[in-house]
Amino acid sequence: MPGFELFGDAERKEVNEVLETGVLMRYGFDGMRNNIWKAKAMEAELEDLLQVNHAQLVSSGTAALNVALAALGVGAGDEVIMPTFTFVASFESILTAGATPVLVDIDESLTLDPKAVAAAITPKTKVIMPVHMCGAMADLTALKALASKHDIFLLEDACQAFAGTYKGDALGTIGDIGCFSFDYVKTITCGEGGAVVTNSPELATFSDHFSDHGHTHIGTDRGAEEHPFIGYNYRISELNAAVGLAQIRRTEEFLTIQKRNKKILKDALATIPEVRFRILPDEAGDSATFLSFFMPSLALARMTVQAFKEYGIDANWHYYDNSWHYIRAWEHFVNQRTLGPLSQEVKSGLEYLKTAEFKQSDDVIGRNISCLIKLSWSAEEVKARAEKMVAAIQSVL
Ligand SMILES: *Cc1c(COP(=O)(O)O)cnc(C)c1O
């Protein structure tokens, strides 16, 4: 998956253009910048690639989530539904907004189980936040239907699924608002960066202003701009945007390699009857950054991970035992380990986590193994890897 594997002359050229002007900020300095606008250019390319009306680049995927939640008007007293399997940023961004994260089970799609979401909706629910984990999509038809039935928002965290699609539309553009990360290990990278995308002109304006202290970006005098509401600083720098601009132009190249590599591994593992694959609501839209499969039990999944080590197969995750992506190890959330005090409302809103059980998620994640698909592997290397993976899995069965 990571774009950093293929960093080269194109990226250096874009960065050098910024260094030559010395204007590292994305706004203003019109006279000095020699008409170089890397963030604006990358936004235009994102809009074109994803076929969405508005893209707002920001400083990270976490920043994108913060901005998107703010644009949706999420704050004190609100609940946001999120999955038990995601990166910790989902939970953090909801707390940053002052709202309460409501965790619900995933299913074998490795994303939100629509039945669990339906059961968790309350009068306080403002947003459903599916996370398109490991390169592919949640069941957006079901989740969209739930969101419109209850008149609440759908925010897609597509940080791990850049350039994936669902029924022909880009992930991130199907709900009310979508978020991407371009951190160093994502499909394409800015070094650090992220984006908020939406088709709503109002949400686009809120995202634009909120990510830059409330600036309206009208006129050429920053100091004279109005501030219609309070914002913060989630701006991306021109240097980071320059790297991303070179990388976004390589999206097709990256996806083609990922799909080729993934198919070789998947076809090989499909010969083992005990191995089942992750459910993909639309296989054609998979961005192919990971191959995710299930062993028949937690014990066999653990043995497989051990066997992979012995066979020299790296880059695979058993998230059940991982601190950052699955609730089992999020004791700092359960115990509310914040530096400053939380509001009473959020504190009591999070009490349920102390006793909550997520048996369905435990079962799914316990059996799951996800293998990163690298861009730098040659087809021959992938074939050799596939053979070793099959041998390792067979050795534990
Ligand atoms: C990486 C990631 C984020 C956060 O992105 P950063 O750019 O690292 O802040 C959020 N959600 C998911 C699912 C991610 O994988």
# chains A, B, ... in the order shown; residues from 1 in each chain; ligands from 1
>>> select_by_dssp(residues="range 186-291 of chain A", states="alpha helix (DSSP H)", output="PyMOL selection string")
chain A and resi 201-210+238-248+251-269
>>> write_last_selection(atoms="C-alpha atoms", output="PDB file, in the first residue's frame")
ATOM      1  CA  PRO A 201     -21.304  23.550  -0.884  1.00  0.00           C
ATOM      2  CA  GLU A 202     -22.165  24.390   2.723  1.00  0.00           C
ATOM      3  CA  LEU A 203     -20.021  21.600   4.226  1.00  0.00           C
ATOM      4  CA  ALA A 204     -17.223  22.586   1.838  1.00  0.00           C
ATOM      5  CA  THR A 205     -17.322  26.209   3.043  1.00  0.00           C
ATOM      6  CA  PHE A 206     -17.360  25.098   6.686  1.00  0.00           C
ATOM      7  CA  SER A 207     -14.373  22.782   6.062  1.00  0.00           C
ATOM      8  CA  ASP A 208     -12.435  25.485   4.234  1.00  0.00           C
ATOM      9  CA  HIS A 209     -12.929  28.123   6.937  1.00  0.00           C
ATOM     10  CA  PHE A 210     -12.719  25.835   9.972  1.00  0.00           C
ATOM     11  CA  GLU A 238       2.938  23.573   0.430  1.00  0.00           C
ATOM     12  CA  LEU A 239       5.875  21.167   0.877  1.00  0.00           C
ATOM     13  CA  ASN A 240       3.591  18.336   1.967  1.00  0.00           C
ATOM     14  CA  ALA A 241       1.057  19.167  -0.732  1.00  0.00           C
ATOM     15  CA  ALA A 242       3.838  19.101  -3.354  1.00  0.00           C
ATOM     16  CA  VAL A 243       4.719  15.509  -2.450  1.00  0.00           C
ATOM     17  CA  GLY A 244       1.042  14.573  -2.586  1.00  0.00           C
ATOM     18  CA  LEU A 245       0.562  16.244  -5.952  1.00  0.00           C
ATOM     19  CA  ALA A 246       3.233  14.016  -7.491  1.00  0.00           C
ATOM     20  CA  GLN A 247       1.801  10.964  -5.737  1.00  0.00           C
ATOM     21  CA  ILE A 248      -1.849  11.488  -6.724  1.00  0.00           C
ATOM     22  CA  THR A 251      -2.728   6.533  -8.233  1.00  0.00           C
ATOM     23  CA  GLU A 252      -3.587   4.342 -11.247  1.00  0.00           C
ATOM     24  CA  GLU A 253      -0.036   2.963 -11.344  1.00  0.00           C
ATOM     25  CA  PHE A 254      -0.182   2.081  -7.622  1.00  0.00           C
ATOM     26  CA  LEU A 255      -3.629   0.481  -7.854  1.00  0.00           C
ATOM     27  CA  THR A 256      -2.656  -1.645 -10.831  1.00  0.00           C
ATOM     28  CA  ILE A 257       0.363  -3.044  -8.972  1.00  0.00           C
ATOM     29  CA  GLN A 258      -1.667  -3.665  -5.811  1.00  0.00           C
ATOM     30  CA  LYS A 259      -4.417  -5.477  -7.701  1.00  0.00           C
ATOM     31  CA  ARG A 260      -1.913  -7.674  -9.541  1.00  0.00           C
ATOM     32  CA  ASN A 261      -0.058  -8.568  -6.336  1.00  0.00           C
ATOM     33  CA  LYS A 262      -3.206  -9.176  -4.340  1.00  0.00           C
ATOM     34  CA  LYS A 263      -4.694 -11.471  -6.989  1.00  0.00           C
ATOM     35  CA  ILE A 264      -1.625 -13.709  -6.972  1.00  0.00           C
ATOM     36  CA  LEU A 265      -1.811 -14.118  -3.184  1.00  0.00           C
ATOM     37  CA  LYS A 266      -5.583 -14.521  -3.071  1.00  0.00           C
ATOM     38  CA  ASP A 267      -5.677 -17.128  -5.835  1.00  0.00           C
ATOM     39  CA  ALA A 268      -3.009 -19.130  -3.991  1.00  0.00           C
ATOM     40  CA  LEU A 269      -4.799 -19.004  -0.615  1.00  0.00           C
TER      41      LEU A 269
END
>>> residues_around(residues="Met32 in chain A", least_positions_apart="5", cutoff="10 Å", atoms="only C-alpha atoms", output="VMD selection string")
chain A and resid 21 to 23
>>> residues_around(residues="Leu372 in chain A", least_positions_apart="5", cutoff="10 Å", atoms="only C-alpha atoms", output="list in words")
Met1, Pro2, Cys134, Gly135, Gln258, Lys262, Ala288, Thr289, Phe290, Leu291, Ser292, Asp314, Ala315, Asn316 and Trp317 of chain A
>>> write_last_selection(atoms="N, CA and C atoms", output="short mmCIF file (atom, residue, chain, number, x, y, z; two decimals), in the first residue's frame")
data_model
loop_
_atom_site.label_atom_id
_atom_site.label_comp_id
_atom_site.auth_asym_id
_atom_site.auth_seq_id
_atom_site.Cartn_x
_atom_site.Cartn_y
_atom_site.Cartn_z
N MET A 1 0.79 -1.22 0.00
CA MET A 1 0.00 0.00 0.00
C MET A 1 0.83 1.27 0.00
N PRO A 2 1.90 1.38 0.75
CA PRO A 2 2.41 2.73 0.96
C PRO A 2 3.06 3.36 -0.26
N CYS A 134 -8.62 -1.43 5.81
CA CYS A 134 -7.80 -2.35 5.00
C CYS A 134 -8.18 -2.31 3.52
N GLY A 135 -8.41 -1.11 3.01
CA GLY A 135 -8.54 -0.94 1.57
C GLY A 135 -9.92 -1.08 0.97
N GLN A 258 -1.02 -3.04 -6.97
CA GLN A 258 -1.67 -3.67 -5.81
C GLN A 258 -2.62 -4.78 -6.24
N LYS A 262 -2.19 -8.58 -5.20
CA LYS A 262 -3.21 -9.18 -4.34
C LYS A 262 -3.81 -10.41 -4.99
N ALA A 288 -7.33 -2.88 -2.91
CA ALA A 288 -6.33 -3.95 -2.89
C ALA A 288 -5.06 -3.61 -2.12
N THR A 289 -5.21 -2.84 -1.05
CA THR A 289 -4.05 -2.53 -0.23
C THR A 289 -3.73 -3.66 0.76
N PHE A 290 -4.73 -4.50 1.03
CA PHE A 290 -4.55 -5.63 1.95
C PHE A 290 -5.25 -6.87 1.40
N LEU A 291 -4.72 -8.03 1.76
CA LEU A 291 -5.46 -9.27 1.60
C LEU A 291 -5.87 -9.70 3.02
N SER A 292 -7.17 -9.70 3.28
CA SER A 292 -7.67 -10.06 4.61
C SER A 292 -8.42 -11.37 4.53
N ASP A 314 6.72 -11.35 6.23
CA ASP A 314 6.49 -10.17 7.06
C ASP A 314 5.20 -9.47 6.63
N ALA A 315 4.97 -8.30 7.19
CA ALA A 315 3.88 -7.40 6.74
C ALA A 315 2.49 -8.01 6.86
N ASN A 316 2.27 -8.81 7.92
CA ASN A 316 0.89 -9.25 8.15
C ASN A 316 0.49 -8.96 9.59
N TRP A 317 -0.79 -8.73 9.79
CA TRP A 317 -1.29 -8.31 11.10
C TRP A 317 -2.39 -9.22 11.59
#
>>> residues_near_ligand(ligand="ligand 1", cutoff="7 Å", atoms="only C-alpha atoms and all ligand atoms", output="PDB file with all heavy atoms, in the first residue's frame")
ATOM      1  N   SER A  60      -3.562  16.306   8.233  1.00  0.00           N
ATOM      2  CA  SER A  60      -3.500  14.862   8.501  1.00  0.00           C
ATOM      3  C   SER A  60      -4.892  14.265   8.332  1.00  0.00           C
ATOM      4  O   SER A  60      -5.885  15.008   8.200  1.00  0.00           O
ATOM      5  CB  SER A  60      -3.013  14.597   9.938  1.00  0.00           C
ATOM      6  OG  SER A  60      -3.996  14.981  10.874  1.00  0.00           O
ATOM      7  N   GLY A  61      -4.957  12.941   8.390  1.00  0.00           N
ATOM      8  CA  GLY A  61      -6.257  12.270   8.363  1.00  0.00           C
ATOM      9  C   GLY A  61      -7.041  12.560   9.635  1.00  0.00           C
ATOM     10  O   GLY A  61      -8.261  12.715   9.610  1.00  0.00           O
ATOM     11  N   THR A  62      -6.328  12.643  10.756  1.00  0.00           N
ATOM     12  CA  THR A  62      -6.977  12.973  12.023  1.00  0.00           C
ATOM     13  C   THR A  62      -7.572  14.379  11.948  1.00  0.00           C
ATOM     14  O   THR A  62      -8.704  14.612  12.371  1.00  0.00           O
ATOM     15  CB  THR A  62      -5.958  12.893  13.182  1.00  0.00           C
ATOM     16  OG1 THR A  62      -5.307  11.612  13.108  1.00  0.00           O
ATOM     17  CG2 THR A  62      -6.627  13.029  14.529  1.00  0.00           C
ATOM     18  N   ALA A  63      -6.805  15.306  11.378  1.00  0.00           N
ATOM     19  CA  ALA A  63      -7.309  16.668  11.177  1.00  0.00           C
ATOM     20  C   ALA A  63      -8.546  16.639  10.290  1.00  0.00           C
ATOM     21  O   ALA A  63      -9.532  17.346  10.554  1.00  0.00           O
ATOM     22  CB  ALA A  63      -6.223  17.542  10.547  1.00  0.00           C
ATOM     23  N   THR A  86     -10.774  -0.052  14.014  1.00  0.00           N
ATOM     24  CA  THR A  86     -10.412   1.146  13.259  1.00  0.00           C
ATOM     25  C   THR A  86      -9.100   1.640  13.854  1.00  0.00           C
ATOM     26  O   THR A  86      -8.582   1.073  14.807  1.00  0.00           O
ATOM     27  CB  THR A  86     -11.505   2.234  13.358  1.00  0.00           C
ATOM     28  OG1 THR A  86     -11.040   3.425  12.712  1.00  0.00           O
ATOM     29  CG2 THR A  86     -11.849   2.580  14.804  1.00  0.00           C
ATOM     30  N   PHE A  87      -8.563   2.699  13.299  1.00  0.00           N
ATOM     31  CA  PHE A  87      -7.410   3.325  13.938  1.00  0.00           C
ATOM     32  C   PHE A  87      -7.922   4.227  15.077  1.00  0.00           C
ATOM     33  O   PHE A  87      -9.038   4.740  15.008  1.00  0.00           O
ATOM     34  CB  PHE A  87      -6.620   4.126  12.895  1.00  0.00           C
ATOM     35  CG  PHE A  87      -5.377   4.762  13.446  1.00  0.00           C
ATOM     36  CD1 PHE A  87      -4.419   4.006  14.092  1.00  0.00           C
ATOM     37  CD2 PHE A  87      -5.169   6.127  13.333  1.00  0.00           C
ATOM     38  CE1 PHE A  87      -3.282   4.586  14.621  1.00  0.00           C
ATOM     39  CE2 PHE A  87      -4.038   6.720  13.851  1.00  0.00           C
ATOM     40  CZ  PHE A  87      -3.091   5.949  14.491  1.00  0.00           C
ATOM     41  N   ALA A  89      -7.617   7.137  15.816  1.00  0.00           N
ATOM     42  CA  ALA A  89      -8.009   8.507  15.452  1.00  0.00           C
ATOM     43  C   ALA A  89      -9.518   8.695  15.408  1.00  0.00           C
ATOM     44  O   ALA A  89     -10.013   9.797  15.657  1.00  0.00           O
ATOM     45  CB  ALA A  89      -7.405   8.881  14.098  1.00  0.00           C
ATOM     46  N   SER A  90     -10.272   7.641  15.091  1.00  0.00           N
ATOM     47  CA  SER A  90     -11.738   7.773  15.027  1.00  0.00           C
ATOM     48  C   SER A  90     -12.260   8.227  16.381  1.00  0.00           C
ATOM     49  O   SER A  90     -13.022   9.191  16.484  1.00  0.00           O
ATOM     50  CB  SER A  90     -12.385   6.429  14.663  1.00  0.00           C
ATOM     51  OG  SER A  90     -11.766   5.847  13.555  1.00  0.00           O
ATOM     52  N   VAL A 131     -15.803   3.066   8.805  1.00  0.00           N
ATOM     53  CA  VAL A 131     -14.376   3.175   8.475  1.00  0.00           C
ATOM     54  C   VAL A 131     -14.066   2.070   7.456  1.00  0.00           C
ATOM     55  O   VAL A 131     -14.219   0.888   7.757  1.00  0.00           O
ATOM     56  CB  VAL A 131     -13.498   3.010   9.727  1.00  0.00           C
ATOM     57  CG1 VAL A 131     -12.032   3.204   9.364  1.00  0.00           C
ATOM     58  CG2 VAL A 131     -13.923   3.996  10.812  1.00  0.00           C
ATOM     59  N   HIS A 132     -13.663   2.479   6.278  1.00  0.00           N
ATOM     60  CA  HIS A 132     -13.375   1.516   5.205  1.00  0.00           C
ATOM     61  C   HIS A 132     -11.986   0.927   5.451  1.00  0.00           C
ATOM     62  O   HIS A 132     -10.998   1.361   4.865  1.00  0.00           O
ATOM     63  CB  HIS A 132     -13.454   2.198   3.849  1.00  0.00           C
ATOM     64  CG  HIS A 132     -14.764   2.881   3.575  1.00  0.00           C
ATOM     65  ND1 HIS A 132     -15.972   2.248   3.715  1.00  0.00           N
ATOM     66  CD2 HIS A 132     -15.057   4.151   3.197  1.00  0.00           C
ATOM     67  CE1 HIS A 132     -16.954   3.085   3.405  1.00  0.00           C
ATOM     68  NE2 HIS A 132     -16.421   4.250   3.102  1.00  0.00           N
ATOM     69  N   MET A 133     -11.926  -0.066   6.336  1.00  0.00           N
ATOM     70  CA  MET A 133     -10.629  -0.573   6.791  1.00  0.00           C
ATOM     71  C   MET A 133      -9.938  -1.429   5.726  1.00  0.00           C
ATOM     72  O   MET A 133     -10.582  -2.098   4.924  1.00  0.00           O
ATOM     73  CB  MET A 133     -10.805  -1.410   8.058  1.00  0.00           C
ATOM     74  CG  MET A 133     -11.047  -0.572   9.299  1.00  0.00           C
ATOM     75  SD  MET A 133      -9.694   0.565   9.679  1.00  0.00           S
ATOM     76  CE  MET A 133      -8.549  -0.533  10.523  1.00  0.00           C
ATOM     77  N   ASP A 157     -14.941   7.445   6.854  1.00  0.00           N
ATOM     78  CA  ASP A 157     -13.497   7.486   7.081  1.00  0.00           C
ATOM     79  C   ASP A 157     -12.873   6.568   6.032  1.00  0.00           C
ATOM     80  O   ASP A 157     -12.872   5.342   6.174  1.00  0.00           O
ATOM     81  CB  ASP A 157     -13.156   7.019   8.497  1.00  0.00           C
ATOM     82  CG  ASP A 157     -11.648   7.005   8.755  1.00  0.00           C
ATOM     83  OD1 ASP A 157     -10.880   7.006   7.782  1.00  0.00           O
ATOM     84  OD2 ASP A 157     -11.246   6.981   9.934  1.00  0.00           O
ATOM     85  N   ALA A 158     -12.384   7.193   4.962  1.00  0.00           N
ATOM     86  CA  ALA A 158     -11.792   6.432   3.857  1.00  0.00           C
ATOM     87  C   ALA A 158     -10.266   6.542   3.889  1.00  0.00           C
ATOM     88  O   ALA A 158      -9.597   6.384   2.869  1.00  0.00           O
ATOM     89  CB  ALA A 158     -12.347   6.928   2.527  1.00  0.00           C
ATOM     90  N   CYS A 159      -9.720   6.815   5.087  1.00  0.00           N
ATOM     91  CA  CYS A 159      -8.268   7.030   5.221  1.00  0.00           C
ATOM     92  C   CYS A 159      -7.459   5.854   4.686  1.00  0.00           C
ATOM     93  O   CYS A 159      -6.364   6.019   4.166  1.00  0.00           O
ATOM     94  CB  CYS A 159      -7.911   7.288   6.679  1.00  0.00           C
ATOM     95  SG  CYS A 159      -8.441   8.921   7.254  1.00  0.00           S
ATOM     96  N   GLN A 160      -7.995   4.632   4.843  1.00  0.00           N
ATOM     97  CA  GLN A 160      -7.255   3.446   4.389  1.00  0.00           C
ATOM     98  C   GLN A 160      -7.739   2.942   3.039  1.00  0.00           C
ATOM     99  O   GLN A 160      -7.348   1.853   2.614  1.00  0.00           O
ATOM    100  CB  GLN A 160      -7.407   2.313   5.405  1.00  0.00           C
ATOM    101  CG  GLN A 160      -6.695   2.573   6.705  1.00  0.00           C
ATOM    102  CD  GLN A 160      -6.444   1.310   7.510  1.00  0.00           C
ATOM    103  OE1 GLN A 160      -6.600   0.193   7.035  1.00  0.00           O
ATOM    104  NE2 GLN A 160      -6.045   1.487   8.747  1.00  0.00           N
ATOM    105  N   SER A 181      -6.497  10.104   4.578  1.00  0.00           N
ATOM    106  CA  SER A 181      -5.192  10.376   5.174  1.00  0.00           C
ATOM    107  C   SER A 181      -4.127  10.171   4.108  1.00  0.00           C
ATOM    108  O   SER A 181      -4.200   9.217   3.323  1.00  0.00           O
ATOM    109  CB  SER A 181      -4.916   9.409   6.322  1.00  0.00           C
ATOM    110  OG  SER A 181      -3.528   9.431   6.649  1.00  0.00           O
ATOM    111  N   PHE A 182      -3.161  11.071   4.088  1.00  0.00           N
ATOM    112  CA  PHE A 182      -1.989  10.892   3.228  1.00  0.00           C
ATOM    113  C   PHE A 182      -0.743  10.863   4.109  1.00  0.00           C
ATOM    114  O   PHE A 182       0.268  11.479   3.811  1.00  0.00           O
ATOM    115  CB  PHE A 182      -1.915  12.009   2.176  1.00  0.00           C
ATOM    116  CG  PHE A 182      -3.187  12.154   1.367  1.00  0.00           C
ATOM    117  CD1 PHE A 182      -3.883  13.354   1.333  1.00  0.00           C
ATOM    118  CD2 PHE A 182      -3.693  11.071   0.656  1.00  0.00           C
ATOM    119  CE1 PHE A 182      -5.063  13.482   0.609  1.00  0.00           C
ATOM    120  CE2 PHE A 182      -4.878  11.181  -0.080  1.00  0.00           C
ATOM    121  CZ  PHE A 182      -5.563  12.391  -0.103  1.00  0.00           C
ATOM    122  N   ASP A 183      -0.857  10.172   5.244  1.00  0.00           N
ATOM    123  CA  ASP A 183       0.324  10.056   6.109  1.00  0.00           C
ATOM    124  C   ASP A 183       1.337   9.122   5.440  1.00  0.00           C
ATOM    125  O   ASP A 183       1.110   8.613   4.343  1.00  0.00           O
ATOM    126  CB  ASP A 183      -0.064   9.668   7.545  1.00  0.00           C
ATOM    127  CG  ASP A 183      -0.384   8.182   7.731  1.00  0.00           C
ATOM    128  OD1 ASP A 183      -0.010   7.352   6.878  1.00  0.00           O
ATOM    129  OD2 ASP A 183      -1.009   7.846   8.759  1.00  0.00           O
ATOM    130  N   LYS A 186       0.177   5.530   4.042  1.00  0.00           N
ATOM    131  CA  LYS A 186      -1.070   5.340   3.307  1.00  0.00           C
ATOM    132  C   LYS A 186      -0.810   5.146   1.798  1.00  0.00           C
ATOM    133  O   LYS A 186       0.328   5.287   1.337  1.00  0.00           O
ATOM    134  CB  LYS A 186      -1.999   6.530   3.560  1.00  0.00           C
ATOM    135  CG  LYS A 186      -2.449   6.650   5.032  1.00  0.00           C
ATOM    136  CD  LYS A 186      -3.138   5.388   5.544  1.00  0.00           C
ATOM    137  CE  LYS A 186      -4.074   5.632   6.718  1.00  0.00           C
ATOM    138  NZ  LYS A 186      -3.406   5.872   8.008  1.00  0.00           N
ATOM    139  N   GLU A 192       2.910  13.949   5.701  1.00  0.00           N
ATOM    140  CA  GLU A 192       1.736  14.061   6.565  1.00  0.00           C
ATOM    141  C   GLU A 192       0.715  14.877   5.787  1.00  0.00           C
ATOM    142  O   GLU A 192       1.068  15.902   5.193  1.00  0.00           O
ATOM    143  CB  GLU A 192       2.053  14.803   7.878  1.00  0.00           C
ATOM    144  CG  GLU A 192       3.071  14.131   8.783  1.00  0.00           C
ATOM    145  CD  GLU A 192       2.561  12.916   9.540  1.00  0.00           C
ATOM    146  OE1 GLU A 192       1.376  12.535   9.381  1.00  0.00           O
ATOM    147  OE2 GLU A 192       3.382  12.326  10.287  1.00  0.00           O
ATOM    148  N   GLY A 193      -0.524  14.438   5.805  1.00  0.00           N
ATOM    149  CA  GLY A 193      -1.570  15.195   5.121  1.00  0.00           C
ATOM    150  C   GLY A 193      -2.880  14.449   5.164  1.00  0.00           C
ATOM    151  O   GLY A 193      -2.938  13.291   5.597  1.00  0.00           O
ATOM    152  N   GLY A 194      -3.935  15.122   4.758  1.00  0.00           N
ATOM    153  CA  GLY A 194      -5.258  14.494   4.718  1.00  0.00           C
ATOM    154  C   GLY A 194      -6.185  15.349   3.887  1.00  0.00           C
ATOM    155  O   GLY A 194      -5.794  16.418   3.405  1.00  0.00           O
TER     156      GLY A 194
END
>>> residues_around(residues="His150 in chain A", least_positions_apart="5", cutoff="12 Å", atoms="only C-alpha atoms", output="list in words")
Val117, Ala118, Ala120, Ile121, Thr122, Pro123, Lys124, Thr125, Lys126, Val127, Ile128, Leu143, Lys144 and Ala145 of chain A
>>> closest_residue(among="A:Asn368, A:Val275, A:Ile236, A:Ala391", to="Gly312 in chain A", atoms="only C-alpha atoms")
A:Ala391
>>> select_by_dssp(residues="range 16-136 of chain A", states="strand (DSSP E or B)", output="ChimeraX atom specification")
/A:54-58,79-83,85,100-104,106,112,125-128,131
>>> write_last_selection(atoms="C-alpha atoms", output="mmCIF file, in the first residue's frame")
data_model
loop_
_atom_site.group_PDB
_atom_site.id
_atom_site.type_symbol
_atom_site.label_atom_id
_atom_site.label_comp_id
_atom_site.auth_asym_id
_atom_site.auth_seq_id
_atom_site.Cartn_x
_atom_site.Cartn_y
_atom_site.Cartn_z
ATOM 1 C CA HIS A 54 -15.105 19.906 -3.166
ATOM 2 C CA ALA A 55 -11.818 18.690 -1.676
ATOM 3 C CA GLN A 56 -10.142 20.450 1.260
ATOM 4 C CA LEU A 57 -6.573 19.415 1.983
ATOM 5 C CA VAL A 58 -5.570 19.459 5.653
ATOM 6 C CA GLU A 79 -23.254 10.669 19.850
ATOM 7 C CA VAL A 80 -21.233 9.363 16.926
ATOM 8 C CA ILE A 81 -21.406 5.682 15.985
ATOM 9 C CA MET A 82 -18.043 4.133 15.092
ATOM 10 C CA PRO A 83 -16.668 0.578 14.716
ATOM 11 C CA PHE A 85 -12.037 -2.052 14.558
ATOM 12 C CA THR A 100 -19.454 10.743 22.744
ATOM 13 C CA PRO A 101 -18.081 7.833 20.694
ATOM 14 C CA VAL A 102 -20.503 4.887 20.555
ATOM 15 C CA LEU A 103 -18.654 1.738 19.561
ATOM 16 C CA VAL A 104 -20.497 -1.023 17.719
ATOM 17 C CA ILE A 106 -18.123 -5.150 12.925
ATOM 18 C CA LEU A 112 -19.598 -1.627 10.637
ATOM 19 C CA THR A 125 -27.013 10.042 17.424
ATOM 20 C CA LYS A 126 -25.814 12.675 14.992
ATOM 21 C CA VAL A 127 -23.417 10.753 12.744
ATOM 22 C CA ILE A 128 -22.689 7.215 11.580
ATOM 23 C CA VAL A 131 -14.376 3.175 8.475
#
>>> decode(residues="range 130-135 of chain A", atoms="all heavy atoms", output="short mmCIF file (atom, residue, chain, number, x, y, z; two decimals), in the first residue's frame")
data_model
loop_
_atom_site.label_atom_id
_atom_site.label_comp_id
_atom_site.auth_asym_id
_atom_site.auth_seq_id
_atom_site.Cartn_x
_atom_site.Cartn_y
_atom_site.Cartn_z
N PRO A 130 -18.74 5.06 9.28
CA PRO A 130 -18.10 3.81 8.85
C PRO A 130 -16.63 4.06 8.55
O PRO A 130 -16.26 5.16 8.11
CB PRO A 130 -18.86 3.44 7.57
CG PRO A 130 -19.45 4.71 7.06
CD PRO A 130 -19.63 5.62 8.25
N VAL A 131 -15.80 3.07 8.80
CA VAL A 131 -14.38 3.17 8.47
C VAL A 131 -14.07 2.07 7.46
O VAL A 131 -14.22 0.89 7.76
CB VAL A 131 -13.50 3.01 9.73
CG1 VAL A 131 -12.03 3.20 9.36
CG2 VAL A 131 -13.92 4.00 10.81
N HIS A 132 -13.66 2.48 6.28
CA HIS A 132 -13.37 1.52 5.21
C HIS A 132 -11.99 0.93 5.45
O HIS A 132 -11.00 1.36 4.87
CB HIS A 132 -13.45 2.20 3.85
CG HIS A 132 -14.76 2.88 3.57
ND1 HIS A 132 -15.97 2.25 3.72
CD2 HIS A 132 -15.06 4.15 3.20
CE1 HIS A 132 -16.95 3.09 3.40
NE2 HIS A 132 -16.42 4.25 3.10
N MET A 133 -11.93 -0.07 6.34
CA MET A 133 -10.63 -0.57 6.79
C MET A 133 -9.94 -1.43 5.73
O MET A 133 -10.58 -2.10 4.92
CB MET A 133 -10.81 -1.41 8.06
CG MET A 133 -11.05 -0.57 9.30
SD MET A 133 -9.69 0.56 9.68
CE MET A 133 -8.55 -0.53 10.52
N CYS A 134 -8.62 -1.43 5.81
CA CYS A 134 -7.80 -2.35 5.00
C CYS A 134 -8.18 -2.31 3.52
O CYS A 134 -8.25 -3.34 2.85
CB CYS A 134 -7.91 -3.76 5.53
SG CYS A 134 -7.43 -3.93 7.25
N GLY A 135 -8.41 -1.11 3.01
CA GLY A 135 -8.54 -0.94 1.57
C GLY A 135 -9.92 -1.08 0.97
O GLY A 135 -10.09 -0.80 -0.22
#
